[in-house]
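Everything below belongs to entry_25.cif, which stores mmCIF, C-alpha atoms and all ligand atoms.
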data_upload
loop_
_atom_site.group_PDB
_atom_site.id
_atom_site.type_symbol
_atom_site.label_atom_id
_atom_site.label_comp_id
_atom_site.auth_asym_id
_atom_site.auth_seq_id
_atom_site.Cartn_x
_atom_site.Cartn_y
_atom_site.Cartn_z
ATOM 1 C CA MET A 1 115.332 117.132 83.138
ATOM 2 C CA TYR A 2 115.283 117.484 86.950
ATOM 3 C CA THR A 3 113.817 120.133 89.259
ATOM 4 C CA LEU A 4 114.504 121.012 92.886
ATOM 5 C CA THR A 5 111.758 118.594 93.942
ATOM 6 C CA SER A 6 112.589 115.697 91.602
ATOM 7 C CA THR A 7 112.640 112.324 93.316
ATOM 8 C CA LYS A 8 114.158 108.917 92.790
ATOM 9 C CA LYS A 9 111.910 105.915 93.298
ATOM 10 C CA LEU A 10 113.396 103.574 95.882
ATOM 11 C CA GLU A 11 113.056 99.774 95.791
ATOM 12 C CA ASN A 12 109.809 99.945 97.824
ATOM 13 C CA GLY A 13 108.237 102.700 95.705
ATOM 14 C CA VAL A 14 108.947 105.568 98.131
ATOM 15 C CA GLU A 15 110.009 108.716 96.293
ATOM 16 C CA MET A 16 113.243 110.160 97.716
ATOM 17 C CA PRO A 17 114.244 113.725 96.757
ATOM 18 C CA ARG A 18 117.358 113.793 94.592
ATOM 19 C CA PHE A 19 118.586 117.013 96.202
ATOM 20 C CA GLY A 20 118.722 118.051 99.850
ATOM 21 C CA LEU A 21 120.608 119.928 102.532
ATOM 22 C CA GLY A 22 123.375 118.150 104.456
ATOM 23 C CA VAL A 23 123.707 119.442 108.011
ATOM 24 C CA TYR A 24 126.919 117.849 109.357
ATOM 25 C CA LYS A 25 128.977 120.156 111.575
ATOM 26 C CA MET A 26 126.079 122.547 112.047
ATOM 27 C CA THR A 27 126.476 122.309 115.802
ATOM 28 C CA ASN A 28 125.710 125.896 116.687
ATOM 29 C CA PRO A 29 121.928 125.566 117.218
ATOM 30 C CA GLU A 30 121.118 129.046 115.997
ATOM 31 C CA GLU A 31 123.251 128.739 112.865
ATOM 32 C CA ALA A 32 121.844 125.261 112.171
ATOM 33 C CA TYR A 33 118.260 126.497 112.523
ATOM 34 C CA MET A 34 118.872 129.513 110.278
ATOM 35 C CA SER A 35 120.490 127.368 107.584
ATOM 36 C CA MET A 36 117.620 124.882 107.604
ATOM 37 C CA GLU A 37 115.058 127.683 107.619
ATOM 38 C CA LYS A 38 116.812 129.278 104.644
ATOM 39 C CA ALA A 39 116.965 125.979 102.739
ATOM 40 C CA LEU A 40 113.272 125.232 103.301
ATOM 41 C CA ALA A 41 112.337 128.763 102.227
ATOM 42 C CA THR A 42 114.485 128.281 99.092
ATOM 43 C CA GLY A 43 112.471 125.178 98.216
ATOM 44 C CA TYR A 44 114.677 122.349 99.493
ATOM 45 C CA ILE A 45 112.432 119.403 100.434
ATOM 46 C CA ALA A 46 115.014 117.124 102.056
ATOM 47 C CA ILE A 47 117.382 117.361 105.038
ATOM 48 C CA ASP A 48 120.103 114.861 105.850
ATOM 49 C CA THR A 49 120.844 114.755 109.585
ATOM 50 C CA ALA A 50 122.148 112.175 112.077
ATOM 51 C CA ALA A 51 122.112 111.658 115.839
ATOM 52 C CA PHE A 52 125.859 112.377 115.699
ATOM 53 C CA TYR A 53 125.282 115.852 114.192
ATOM 54 C CA ASN A 54 123.552 116.969 117.364
ATOM 55 C CA ASN A 55 121.003 119.096 115.523
ATOM 56 C CA GLU A 56 117.923 116.898 115.164
ATOM 57 C CA GLU A 57 115.984 119.296 117.451
ATOM 58 C CA GLN A 58 116.686 122.139 115.038
ATOM 59 C CA VAL A 59 115.582 120.013 112.059
ATOM 60 C CA GLY A 60 112.225 119.364 113.746
ATOM 61 C CA GLU A 61 111.811 122.979 114.756
ATOM 62 C CA ALA A 62 112.705 124.375 111.318
ATOM 63 C CA ILE A 63 110.210 122.030 109.688
ATOM 64 C CA ARG A 64 107.396 122.814 112.106
ATOM 65 C CA ASN A 65 107.954 126.542 111.556
ATOM 66 C CA SER A 66 108.115 126.217 107.757
ATOM 67 C CA SER A 67 105.227 126.605 105.354
ATOM 68 C CA LYS A 68 105.591 122.957 104.292
ATOM 69 C CA LYS A 69 103.626 120.024 105.640
ATOM 70 C CA ARG A 70 105.587 117.177 107.194
ATOM 71 C CA ASP A 71 104.603 114.804 104.388
ATOM 72 C CA GLU A 72 105.956 117.188 101.738
ATOM 73 C CA LEU A 73 109.445 116.810 103.207
ATOM 74 C CA PHE A 74 111.925 113.957 103.415
ATOM 75 C CA ILE A 75 114.109 113.577 106.497
ATOM 76 C CA THR A 76 117.020 111.186 106.827
ATOM 77 C CA SER A 77 118.698 110.360 110.128
ATOM 78 C CA LYS A 78 121.323 107.829 111.189
ATOM 79 C CA VAL A 79 122.205 105.672 114.173
ATOM 80 C CA TRP A 80 125.641 106.503 115.571
ATOM 81 C CA ASN A 81 128.417 103.950 116.102
ATOM 82 C CA THR A 82 128.229 103.834 119.907
ATOM 83 C CA ASP A 83 124.493 103.026 119.722
ATOM 84 C CA GLN A 84 124.767 100.049 117.402
ATOM 85 C CA GLY A 85 123.315 96.601 118.072
ATOM 86 C CA TYR A 86 119.650 95.527 117.965
ATOM 87 C CA ASP A 87 118.196 96.914 121.228
ATOM 88 C CA GLU A 88 120.563 99.868 121.231
ATOM 89 C CA THR A 89 119.424 100.931 117.754
ATOM 90 C CA LEU A 90 115.768 100.744 118.750
ATOM 91 C CA ARG A 91 116.520 102.956 121.755
ATOM 92 C CA ALA A 92 118.611 105.368 119.684
ATOM 93 C CA PHE A 93 115.787 105.687 117.156
ATOM 94 C CA GLU A 94 113.355 106.603 119.913
ATOM 95 C CA LYS A 95 115.688 109.396 121.007
ATOM 96 C CA THR A 96 115.922 110.620 117.408
ATOM 97 C CA LEU A 97 112.118 110.720 117.107
ATOM 98 C CA ASN A 98 111.860 112.600 120.402
ATOM 99 C CA LYS A 99 114.420 115.153 119.334
ATOM 100 C CA LEU A 100 112.761 115.678 115.972
ATOM 101 C CA GLN A 101 109.325 115.533 117.611
ATOM 102 C CA PHE A 102 108.008 113.570 114.661
ATOM 103 C CA ASP A 103 106.112 110.316 114.628
ATOM 104 C CA TYR A 104 108.174 108.899 111.766
ATOM 105 C CA VAL A 105 111.435 109.405 109.877
ATOM 106 C CA ASP A 106 111.546 108.980 106.099
ATOM 107 C CA LEU A 107 114.869 107.165 105.936
ATOM 108 C CA TYR A 108 116.996 105.735 108.748
ATOM 109 C CA LEU A 109 120.568 104.595 108.157
ATOM 110 C CA THR A 110 123.332 102.703 109.931
ATOM 111 C CA HIS A 111 125.924 105.508 110.021
ATOM 112 C CA TRP A 112 129.017 103.255 109.734
ATOM 113 C CA PRO A 113 129.380 99.454 109.539
ATOM 114 C CA VAL A 114 130.631 98.813 113.081
ATOM 115 C CA THR A 115 132.304 95.379 113.027
ATOM 116 C CA ASP A 116 130.246 92.631 114.672
ATOM 117 C CA LYS A 117 127.323 94.997 115.139
ATOM 118 C CA PHE A 118 126.162 96.364 111.798
ATOM 119 C CA THR A 119 124.080 93.316 110.842
ATOM 120 C CA GLU A 120 122.162 93.512 114.142
ATOM 121 C CA THR A 121 121.817 97.276 113.697
ATOM 122 C CA TYR A 122 120.262 96.720 110.295
ATOM 123 C CA ARG A 123 117.931 94.055 111.716
ATOM 124 C CA ALA A 124 116.591 96.723 114.103
ATOM 125 C CA ILE A 125 116.150 99.109 111.161
ATOM 126 C CA GLU A 126 114.082 96.413 109.424
ATOM 127 C CA ARG A 127 111.899 96.197 112.522
ATOM 128 C CA LEU A 128 111.384 99.980 112.535
ATOM 129 C CA TYR A 129 110.307 99.659 108.910
ATOM 130 C CA ASP A 130 107.864 96.833 109.737
ATOM 131 C CA GLU A 131 106.419 99.023 112.478
ATOM 132 C CA LYS A 132 106.014 101.863 109.964
ATOM 133 C CA LEU A 133 108.207 104.190 112.017
ATOM 134 C CA ILE A 134 110.428 104.743 108.978
ATOM 135 C CA ARG A 135 109.396 104.858 105.312
ATOM 136 C CA ALA A 136 112.628 103.435 103.932
ATOM 137 C CA THR A 137 115.662 101.521 105.196
ATOM 138 C CA GLY A 138 119.295 102.095 104.395
ATOM 139 C CA VAL A 139 122.911 102.194 105.374
ATOM 140 C CA SER A 140 125.875 104.504 105.076
ATOM 141 C CA ASN A 141 129.552 103.839 104.424
ATOM 142 C CA HIS A 142 128.891 100.214 103.494
ATOM 143 C CA GLU A 143 131.274 98.550 101.057
ATOM 144 C CA PRO A 144 129.991 95.736 98.810
ATOM 145 C CA HIS A 145 131.359 93.153 101.273
ATOM 146 C CA HIS A 146 129.261 94.680 104.099
ATOM 147 C CA LEU A 147 126.202 94.752 101.877
ATOM 148 C CA GLU A 148 126.728 91.105 100.864
ATOM 149 C CA GLN A 149 126.533 90.207 104.550
ATOM 150 C CA LEU A 150 123.333 92.173 105.026
ATOM 151 C CA LEU A 151 121.708 90.885 101.864
ATOM 152 C CA ALA A 152 122.383 87.288 102.911
ATOM 153 C CA LYS A 153 120.066 87.737 105.908
ATOM 154 C CA ALA A 154 117.792 90.672 105.176
ATOM 155 C CA ASN A 155 114.056 90.391 104.628
ATOM 156 C CA ILE A 156 114.044 93.973 103.465
ATOM 157 C CA LYS A 157 116.915 95.060 101.249
ATOM 158 C CA PRO A 158 118.631 98.319 102.213
ATOM 159 C CA MET A 159 117.168 100.859 99.816
ATOM 160 C CA VAL A 160 119.927 103.474 100.084
ATOM 161 C CA ASN A 161 123.681 103.476 100.680
ATOM 162 C CA GLN A 162 125.147 106.895 101.541
ATOM 163 C CA ILE A 163 128.864 107.039 100.741
ATOM 164 C CA GLU A 164 131.626 109.589 100.244
ATOM 165 C CA LEU A 165 131.464 110.465 96.560
ATOM 166 C CA HIS A 166 132.740 113.416 94.530
ATOM 167 C CA PRO A 167 134.805 113.967 91.360
ATOM 168 C CA TYR A 168 138.003 112.862 93.146
ATOM 169 C CA LEU A 169 136.366 109.681 94.474
ATOM 170 C CA THR A 170 133.879 108.330 91.960
ATOM 171 C CA GLN A 171 133.212 104.984 93.687
ATOM 172 C CA THR A 172 132.619 103.004 90.489
ATOM 173 C CA GLU A 173 132.692 99.610 92.218
ATOM 174 C CA ASN A 174 130.262 100.583 94.943
ATOM 175 C CA ARG A 175 127.957 102.169 92.378
ATOM 176 C CA ALA A 176 127.977 99.110 90.127
ATOM 177 C CA PHE A 177 127.095 96.899 93.103
ATOM 178 C CA ALA A 178 124.287 99.268 94.103
ATOM 179 C CA GLN A 179 122.887 99.356 90.596
ATOM 180 C CA LYS A 180 122.824 95.569 90.423
ATOM 181 C CA HIS A 181 120.819 95.412 93.663
ATOM 182 C CA ASN A 182 118.634 98.460 93.052
ATOM 183 C CA ILE A 183 120.134 100.398 95.964
ATOM 184 C CA ALA A 184 120.083 104.190 95.535
ATOM 185 C CA ILE A 185 123.347 105.992 96.233
ATOM 186 C CA THR A 186 123.549 109.272 98.138
ATOM 187 C CA SER A 187 126.816 111.182 97.723
ATOM 188 C CA TRP A 188 128.165 112.512 101.009
ATOM 189 C CA SER A 189 130.705 115.330 100.924
ATOM 190 C CA PRO A 190 129.564 115.863 97.321
ATOM 191 C CA LEU A 191 131.876 118.885 97.081
ATOM 192 C CA GLY A 192 134.707 117.009 98.786
ATOM 193 C CA ARG A 193 134.113 119.132 101.924
ATOM 194 C CA GLY A 194 134.810 122.121 99.717
ATOM 195 C CA LYS A 195 138.180 120.775 98.643
ATOM 196 C CA VAL A 196 137.149 119.982 95.061
ATOM 197 C CA LEU A 197 135.977 123.568 94.585
ATOM 198 C CA GLY A 198 139.423 124.736 93.491
ATOM 199 C CA ASP A 199 139.442 122.387 90.509
ATOM 200 C CA GLU A 200 140.237 124.350 87.356
ATOM 201 C CA THR A 201 138.895 121.796 84.908
ATOM 202 C CA ILE A 202 135.470 121.873 86.564
ATOM 203 C CA ALA A 203 135.599 125.674 86.840
ATOM 204 C CA ARG A 204 136.196 125.941 83.069
ATOM 205 C CA ILE A 205 133.277 123.646 82.289
ATOM 206 C CA GLY A 206 131.032 125.700 84.593
ATOM 207 C CA GLU A 207 132.030 128.985 82.972
ATOM 208 C CA LYS A 208 130.397 127.908 79.720
ATOM 209 C CA TYR A 209 127.030 127.842 81.533
ATOM 210 C CA ASN A 210 127.750 130.764 83.835
ATOM 211 C CA LYS A 211 127.733 128.355 86.761
ATOM 212 C CA SER A 212 130.080 128.116 89.743
ATOM 213 C CA THR A 213 132.285 125.096 90.375
ATOM 214 C CA ALA A 214 129.941 124.043 93.215
ATOM 215 C CA GLN A 215 126.926 124.168 90.887
ATOM 216 C CA THR A 216 128.773 122.241 88.173
ATOM 217 C CA ILE A 217 129.735 119.489 90.636
ATOM 218 C CA ILE A 218 126.188 119.231 92.019
ATOM 219 C CA ARG A 219 124.872 118.944 88.470
ATOM 220 C CA TRP A 220 127.441 116.168 87.780
ATOM 221 C CA HIS A 221 126.038 114.179 90.736
ATOM 222 C CA LEU A 222 122.454 114.625 89.544
ATOM 223 C CA GLN A 223 123.241 113.573 85.976
ATOM 224 C CA ASN A 224 124.990 110.491 87.398
ATOM 225 C CA ASP A 225 121.674 109.477 89.042
ATOM 226 C CA LEU A 226 123.157 110.196 92.494
ATOM 227 C CA ILE A 227 121.227 111.763 95.368
ATOM 228 C CA VAL A 228 123.132 114.861 96.466
ATOM 229 C CA ILE A 229 123.166 116.678 99.820
ATOM 230 C CA PRO A 230 125.573 119.649 99.732
ATOM 231 C CA LYS A 231 126.100 121.483 103.009
ATOM 232 C CA SER A 232 126.350 125.211 103.507
ATOM 233 C CA VAL A 233 125.453 127.621 106.306
ATOM 234 C CA THR A 234 125.888 130.659 104.063
ATOM 235 C CA PRO A 235 122.505 131.916 102.797
ATOM 236 C CA HIS A 236 123.672 132.909 99.313
ATOM 237 C CA ARG A 237 125.424 129.533 98.873
ATOM 238 C CA ILE A 238 122.338 127.652 100.048
ATOM 239 C CA GLU A 239 120.525 129.426 97.206
ATOM 240 C CA GLU A 240 123.385 128.984 94.738
ATOM 241 C CA ASN A 241 123.570 125.231 95.338
ATOM 242 C CA ALA A 242 119.892 124.894 94.438
ATOM 243 C CA LYS A 243 120.253 126.691 91.100
ATOM 244 C CA VAL A 244 121.377 123.638 89.212
ATOM 245 C CA PHE A 245 118.219 122.764 87.330
ATOM 246 C CA ASP A 246 118.492 125.124 84.368
ATOM 247 C CA PHE A 247 121.508 123.680 82.558
ATOM 248 C CA GLU A 248 122.769 120.328 81.428
ATOM 249 C CA LEU A 249 126.331 119.033 81.115
ATOM 250 C CA THR A 250 127.135 117.258 77.873
ATOM 251 C CA LYS A 251 128.165 113.626 77.772
ATOM 252 C CA GLU A 252 131.721 114.746 77.028
ATOM 253 C CA GLU A 253 131.794 117.150 79.988
ATOM 254 C CA MET A 254 130.466 114.423 82.272
ATOM 255 C CA ALA A 255 133.270 112.150 81.071
ATOM 256 C CA VAL A 256 135.905 114.837 81.681
ATOM 257 C CA ILE A 257 134.711 115.225 85.290
ATOM 258 C CA ASP A 258 134.488 111.437 85.747
ATOM 259 C CA ALA A 259 138.129 111.218 84.702
ATOM 260 C CA LEU A 260 139.239 113.494 87.573
ATOM 261 C CA HIS A 261 138.930 110.482 89.903
ATOM 262 C CA ARG A 262 142.116 109.996 91.921
ATOM 263 C CA ASP A 263 140.862 107.823 94.769
ATOM 264 C CA GLU A 264 141.144 110.720 97.190
ATOM 265 C CA ARG A 265 139.076 110.579 100.367
ATOM 266 C CA PHE A 266 138.409 113.459 102.734
ATOM 267 C CA GLY A 267 136.782 111.135 105.281
ATOM 268 C CA SER A 268 137.696 107.680 106.589
ATOM 269 C CA HIS A 269 137.628 104.452 104.617
ATOM 270 C CA PRO A 270 134.779 102.280 105.952
ATOM 271 C CA ASP A 271 137.186 99.390 106.585
ATOM 272 C CA ASN A 272 139.402 101.617 108.630
ATOM 273 C CA PHE A 273 137.462 104.298 110.492
HETATM 274 P P1 LIG B 301 130.293 119.153 101.244
HETATM 275 O O1 LIG B 301 131.039 118.370 100.238
HETATM 276 O O2 LIG B 301 128.839 119.347 101.085
HETATM 277 O O3 LIG B 301 131.042 120.549 101.376
HETATM 278 C C1 LIG B 301 130.582 121.502 102.277
HETATM 279 C C2 LIG B 301 131.517 122.709 102.316
HETATM 280 O O4 LIG B 301 131.692 123.241 101.009
HETATM 281 C C3 LIG B 301 130.872 123.820 103.129
HETATM 282 O O5 LIG B 301 131.233 123.724 104.472
HETATM 283 C C4 LIG B 301 131.400 125.067 102.471
HETATM 284 O O6 LIG B 301 132.623 125.369 103.053
HETATM 285 C C5 LIG B 301 131.612 124.647 101.056
HETATM 286 N N1 LIG B 301 130.527 125.088 100.137
HETATM 287 C C6 LIG B 301 129.257 124.618 100.042
HETATM 288 N N2 LIG B 301 128.602 125.226 99.045
HETATM 289 C C7 LIG B 301 129.460 126.110 98.501
HETATM 290 C C8 LIG B 301 129.362 127.045 97.439
HETATM 291 N N3 LIG B 301 128.262 127.185 96.722
HETATM 292 N N4 LIG B 301 130.465 127.820 97.170
HETATM 293 C C9 LIG B 301 131.600 127.683 97.877
HETATM 294 N N5 LIG B 301 131.750 126.815 98.886
HETATM 295 C C10 LIG B 301 130.693 126.029 99.197
HETATM 296 O O7 LIG B 301 130.670 118.520 102.691
HETATM 297 P P2 LIG B 301 129.975 117.754 103.881
HETATM 298 O O8 LIG B 301 129.241 118.659 104.783
HETATM 299 O O9 LIG B 301 131.041 116.909 104.471
HETATM 300 O O10 LIG B 301 128.931 116.760 103.178
HETATM 301 C C11 LIG B 301 127.584 117.095 102.930
HETATM 302 C C12 LIG B 301 126.661 116.288 103.800
HETATM 303 O O11 LIG B 301 126.906 114.888 103.668
HETATM 304 C C13 LIG B 301 126.877 116.510 105.303
HETATM 305 O O12 LIG B 301 126.413 117.752 105.737
HETATM 306 C C14 LIG B 301 126.154 115.310 105.865
HETATM 307 O O13 LIG B 301 124.760 115.532 105.814
HETATM 308 C C15 LIG B 301 126.576 114.239 104.886
HETATM 309 N N6 LIG B 301 127.742 113.471 105.386
HETATM 310 C C16 LIG B 301 127.553 112.177 105.723
HETATM 311 C C17 LIG B 301 128.599 111.399 106.184
HETATM 312 C C18 LIG B 301 128.356 109.973 106.525
HETATM 313 O O14 LIG B 301 129.248 109.351 107.123
HETATM 314 N N7 LIG B 301 127.234 109.422 106.197
HETATM 315 C C19 LIG B 301 129.876 111.961 106.324
HETATM 316 C C20 LIG B 301 130.055 113.309 105.966
HETATM 317 C C21 LIG B 301 128.986 114.029 105.484
#

Is it possible to express this structure as structure tokens?
Ligand code: NAD
Amino acid sequence: MYTLTSTKKLENGVEMPRFGLGVYKMTNPEEAYMSMEKALATGYIAIDTAAFYNNEEQVGEAIRNSSKKRDELFITSKVWNTDQGYDETLRAFEKTLNKLQFDYVDLYLTHWPVTDKFTETYRAIERLYDEKLIRATGVSNHEPHHLEQLLAKANIKPMVNQIELHPYLTQTENRAFAQKHNIAITSWSPLGRGKVLGDETIARIGEKYNKSTAQTIIRWHLQNDLIVIPKSVTPHRIEENAKVFDFELTKEEMAVIDALHRDERFGSHPDNF
């Protein structure tokens, strides 16, 4: 049903790839560049970066050196916590553009809802959208109560919320809220930072299709209508993670994986970070 280049239509009609490369903790420039180069050569069309990841230069470089045109690719970046506020966000975005050496970013997110600042941060993101410097607006790590605050004021609804989500943290409440407001969800740490990969139940389900646990989990995200951005710097895993479009989990298997939820986070809770 999906392919490597399948997209999800956001609230404003922009098509966001359902699958991409996450590049958190790729701080060694050479390793970051090689991983991005490998992903683009494998057919990935989306990269999820952030000012905080300190590798936006490598994202720009890998894209310029790839065989793809800029408009065939979808790049997400995020404003870091210490740069939040209206003017600060506008300045931070300019730095991001300079590092990427692009004239626009596809999606720009508030990285975390910094108390007393995140509504102003989002107001700046709306301005960037009005100025056509970004193609879509969004947030990350926002709980429904943060989104309620934004929605009360926003002229442009956030189109994406990127949250920690994997089989041990299925985020049903956040997802129901997003569905009601037509906000797409991106799963960060979709493999639980690698810590869900030892799960025997998922491994057994994968065996039936000759798929690894990582592939089975990625497929679970896709079939849940979630945008998924697994990270790897290992070339064969970058390839492996993309080979998830030739099998389909049954309804029952999806339910078995859903039931593994145990409210376990590998990152911070947004109300307490
Ligand atoms: P992840 O869940 O993608 O797990 C990555 C780890 O899993 C890798 O380091 C590797 O050790 C292992 N792995 C990957 N593929 C594998 C395979 N096929 N076989 C075996 N092991 C494999 O973790 P992540 O990097 O935390 O999350 C993915 C992306 O989400 C990040 O790179 C970043 O782009 C984004 N993210 C966003 C936030 C946020 O606050 N918005 C926070 C964390 C991550």

Find the nearest atom pair between each residue of chain A and ligand LIG 301 (chain B) for residues within 8 Å, count all atoms listed in the file, give distances in Å to one decimal, sort rows by chain and ascending number, and present the table as JSON lines.
{"residue": "A:Leu21", "atom": "CA", "partner": "B:LIG301", "partner_atom": "O13", "distance": 6.9}
{"residue": "A:Gly22", "atom": "CA", "partner": "B:LIG301", "partner_atom": "O13", "distance": 3.3}
{"residue": "A:Val23", "atom": "CA", "partner": "B:LIG301", "partner_atom": "O12", "distance": 3.9}
{"residue": "A:Tyr24", "atom": "CA", "partner": "B:LIG301", "partner_atom": "O12", "distance": 3.7}
{"residue": "A:Lys25", "atom": "CA", "partner": "B:LIG301", "partner_atom": "O12", "distance": 6.8}
{"residue": "A:Met26", "atom": "CA", "partner": "B:LIG301", "partner_atom": "O12", "distance": 7.9}
{"residue": "A:Ile47", "atom": "CA", "partner": "B:LIG301", "partner_atom": "O13", "distance": 7.6}
{"residue": "A:Asp48", "atom": "CA", "partner": "B:LIG301", "partner_atom": "O13", "distance": 4.7}
{"residue": "A:Thr49", "atom": "CA", "partner": "B:LIG301", "partner_atom": "O13", "distance": 5.5}
{"residue": "A:Ala50", "atom": "CA", "partner": "B:LIG301", "partner_atom": "O13", "distance": 7.6}
{"residue": "A:Lys78", "atom": "CA", "partner": "B:LIG301", "partner_atom": "N7", "distance": 7.9}
{"residue": "A:His111", "atom": "CA", "partner": "B:LIG301", "partner_atom": "N7", "distance": 5.6}
{"residue": "A:Trp112", "atom": "CA", "partner": "B:LIG301", "partner_atom": "O14", "distance": 6.6}
{"residue": "A:Ser140", "atom": "CA", "partner": "B:LIG301", "partner_atom": "N7", "distance": 5.2}
{"residue": "A:Asn141", "atom": "CA", "partner": "B:LIG301", "partner_atom": "O14", "distance": 6.1}
{"residue": "A:Gln162", "atom": "CA", "partner": "B:LIG301", "partner_atom": "N7", "distance": 5.7}
{"residue": "A:Ile163", "atom": "CA", "partner": "B:LIG301", "partner_atom": "N7", "distance": 6.2}
{"residue": "A:Glu164", "atom": "CA", "partner": "B:LIG301", "partner_atom": "C19", "distance": 6.8}
{"residue": "A:His166", "atom": "CA", "partner": "B:LIG301", "partner_atom": "O1", "distance": 7.7}
{"residue": "A:Ser187", "atom": "CA", "partner": "B:LIG301", "partner_atom": "O11", "distance": 7.0}
{"residue": "A:Trp188", "atom": "CA", "partner": "B:LIG301", "partner_atom": "O11", "distance": 3.8}
{"residue": "A:Ser189", "atom": "CA", "partner": "B:LIG301", "partner_atom": "O1", "distance": 3.1}
{"residue": "A:Pro190", "atom": "CA", "partner": "B:LIG301", "partner_atom": "O1", "distance": 4.1}
{"residue": "A:Leu191", "atom": "CA", "partner": "B:LIG301", "partner_atom": "O1", "distance": 3.3}
{"residue": "A:Gly192", "atom": "CA", "partner": "B:LIG301", "partner_atom": "O1", "distance": 4.2}
{"residue": "A:Arg193", "atom": "CA", "partner": "B:LIG301", "partner_atom": "O3", "distance": 3.4}
{"residue": "A:Gly194", "atom": "CA", "partner": "B:LIG301", "partner_atom": "O4", "distance": 3.6}
{"residue": "A:Lys195", "atom": "CA", "partner": "B:LIG301", "partner_atom": "O4", "distance": 7.3}
{"residue": "A:Leu197", "atom": "CA", "partner": "B:LIG301", "partner_atom": "N5", "distance": 6.8}
{"residue": "A:Ser212", "atom": "CA", "partner": "B:LIG301", "partner_atom": "N3", "distance": 7.3}
{"residue": "A:Thr213", "atom": "CA", "partner": "B:LIG301", "partner_atom": "N4", "distance": 7.5}
{"residue": "A:Ala214", "atom": "CA", "partner": "B:LIG301", "partner_atom": "N3", "distance": 5.0}
{"residue": "A:Gln215", "atom": "CA", "partner": "B:LIG301", "partner_atom": "N3", "distance": 6.7}
{"residue": "A:Ile229", "atom": "CA", "partner": "B:LIG301", "partner_atom": "C12", "distance": 5.3}
{"residue": "A:Pro230", "atom": "CA", "partner": "B:LIG301", "partner_atom": "O2", "distance": 3.5}
{"residue": "A:Lys231", "atom": "CA", "partner": "B:LIG301", "partner_atom": "O2", "distance": 4.0}
{"residue": "A:Ser232", "atom": "CA", "partner": "B:LIG301", "partner_atom": "C6", "distance": 4.6}
{"residue": "A:Val233", "atom": "CA", "partner": "B:LIG301", "partner_atom": "O5", "distance": 7.2}
{"residue": "A:Thr234", "atom": "CA", "partner": "B:LIG301", "partner_atom": "N2", "distance": 7.9}
{"residue": "A:His236", "atom": "CA", "partner": "B:LIG301", "partner_atom": "N3", "distance": 7.8}
{"residue": "A:Arg237", "atom": "CA", "partner": "B:LIG301", "partner_atom": "N3", "distance": 4.3}
{"residue": "A:Ile238", "atom": "CA", "partner": "B:LIG301", "partner_atom": "N2", "distance": 6.8}
{"residue": "A:Glu240", "atom": "CA", "partner": "B:LIG301", "partner_atom": "N3", "distance": 5.6}
{"residue": "A:Asn241", "atom": "CA", "partner": "B:LIG301", "partner_atom": "N3", "distance": 5.3}
{"residue": "A:Gly267", "atom": "CA", "partner": "B:LIG301", "partner_atom": "C19", "distance": 7.0}

_Assuming the chain letters and numbering stay as they are in my file, what does the PyMOL selection byres (((chain A and resi 108) around 7) and not hetatm) actually select? List them as a list of chain:residue names._
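When the PyMOL selection byres (((chain A and resi 108) around 7) and not hetatm) is applied, the selected residues are A:Thr76, A:Ser77, A:Lys78, A:Val105, A:Asp106, A:Leu107, A:Leu109, A:Ile134, A:Ala136, A:Thr137, A:Gly138.
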
Resulting file, chosen residues, C-alpha atoms, as a CSV table (one decimal), in the frame of the given file:
chain,number,residue,atom,x,y,z
A,76,THR,CA,117.0,111.2,106.8
A,77,SER,CA,118.7,110.4,110.1
A,78,LYS,CA,121.3,107.8,111.2
A,105,VAL,CA,111.4,109.4,109.9
A,106,ASP,CA,111.5,109.0,106.1
A,107,LEU,CA,114.9,107.2,105.9
A,109,LEU,CA,120.6,104.6,108.2
A,134,ILE,CA,110.4,104.7,109.0
A,136,ALA,CA,112.6,103.4,103.9
A,137,THR,CA,115.7,101.5,105.2
A,138,GLY,CA,119.3,102.1,104.4

_Report, in Å with one decimal, the straight-line distance from CA of Glu239 (chain A) to CA of Glu264 (chain A)._
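A separation of 27.8 Å between them.
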
_Among the residues A:Pro235, A:Pro167, A:Pro144, A:Gly206, the one that comes closest to Gln179 (chain A) [using all atoms listed in the file]_ =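 Answer, going by the shortest atom-to-atom distance: A:Pro144.
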
*Give the answer as one residue: which of A:Met16, A:Ala39, A:Ala92, A:Ala176 has the shortest atom-to-atom distance to Ile75 (chain A), using all atoms listed in the file?*
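For Ile75 (chain A), the nearest of the given residues is A:Met16.
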
*To one decimal place, how far is CA of Ala62 (chain A) from CA of Trp220 (chain A) in Å?*
29.0 Å

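Among the candidates A:Glu30, A:Tyr44, A:Ser268, A:Ile183, the residue lying nearest to Thr3 (chain A) is A:Tyr44 (atoms considered: only C-alpha atoms).
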
Box along x, y and z, 4 Å on every side, all listed atoms of region 174-181 of chain A inside: centre and edge lengths in Å to one decimal, as lines of an AutoDock Vina configuration file.
center_x = 125.5
center_y = 98.8
center_z = 92.5
size_x = 17.4
size_y = 14.8
size_z = 12.8

_Using all atoms listed in the file, which protein or nucleic acid residues come within 6 Å of region 94-103 of chain A? Drop anything in the same chain fewer than 3 positions from it, and give the result as a ChimeraX atom specification._
/A:56-57,60,91

_What does the structure give for the distance between CA of Ala152 (chain A) and CA of Glu11 (chain A), in Å to one decimal?_
17.1 Å

*Find the spatial neighbours of Lys211 (chain A), counting only C-alpha atoms, within a cut-off of 12 Å - ignore same-chain residues fewer than 6 positions away - and output them as a list in words.*
Ile202, Ala203, Arg204, Ile205, Ile217, Ile218, Arg219, Glu240, Asn241, Ala242, Lys243, Val244, Phe245, Asp246, Phe247, Glu248 and Leu249 of chain A

*From the list A:Val256, A:Val139, A:Val196, A:Leu73, which residue is nearest Tyr168 (chain A) when using all atoms listed in the file?*
A:Val196
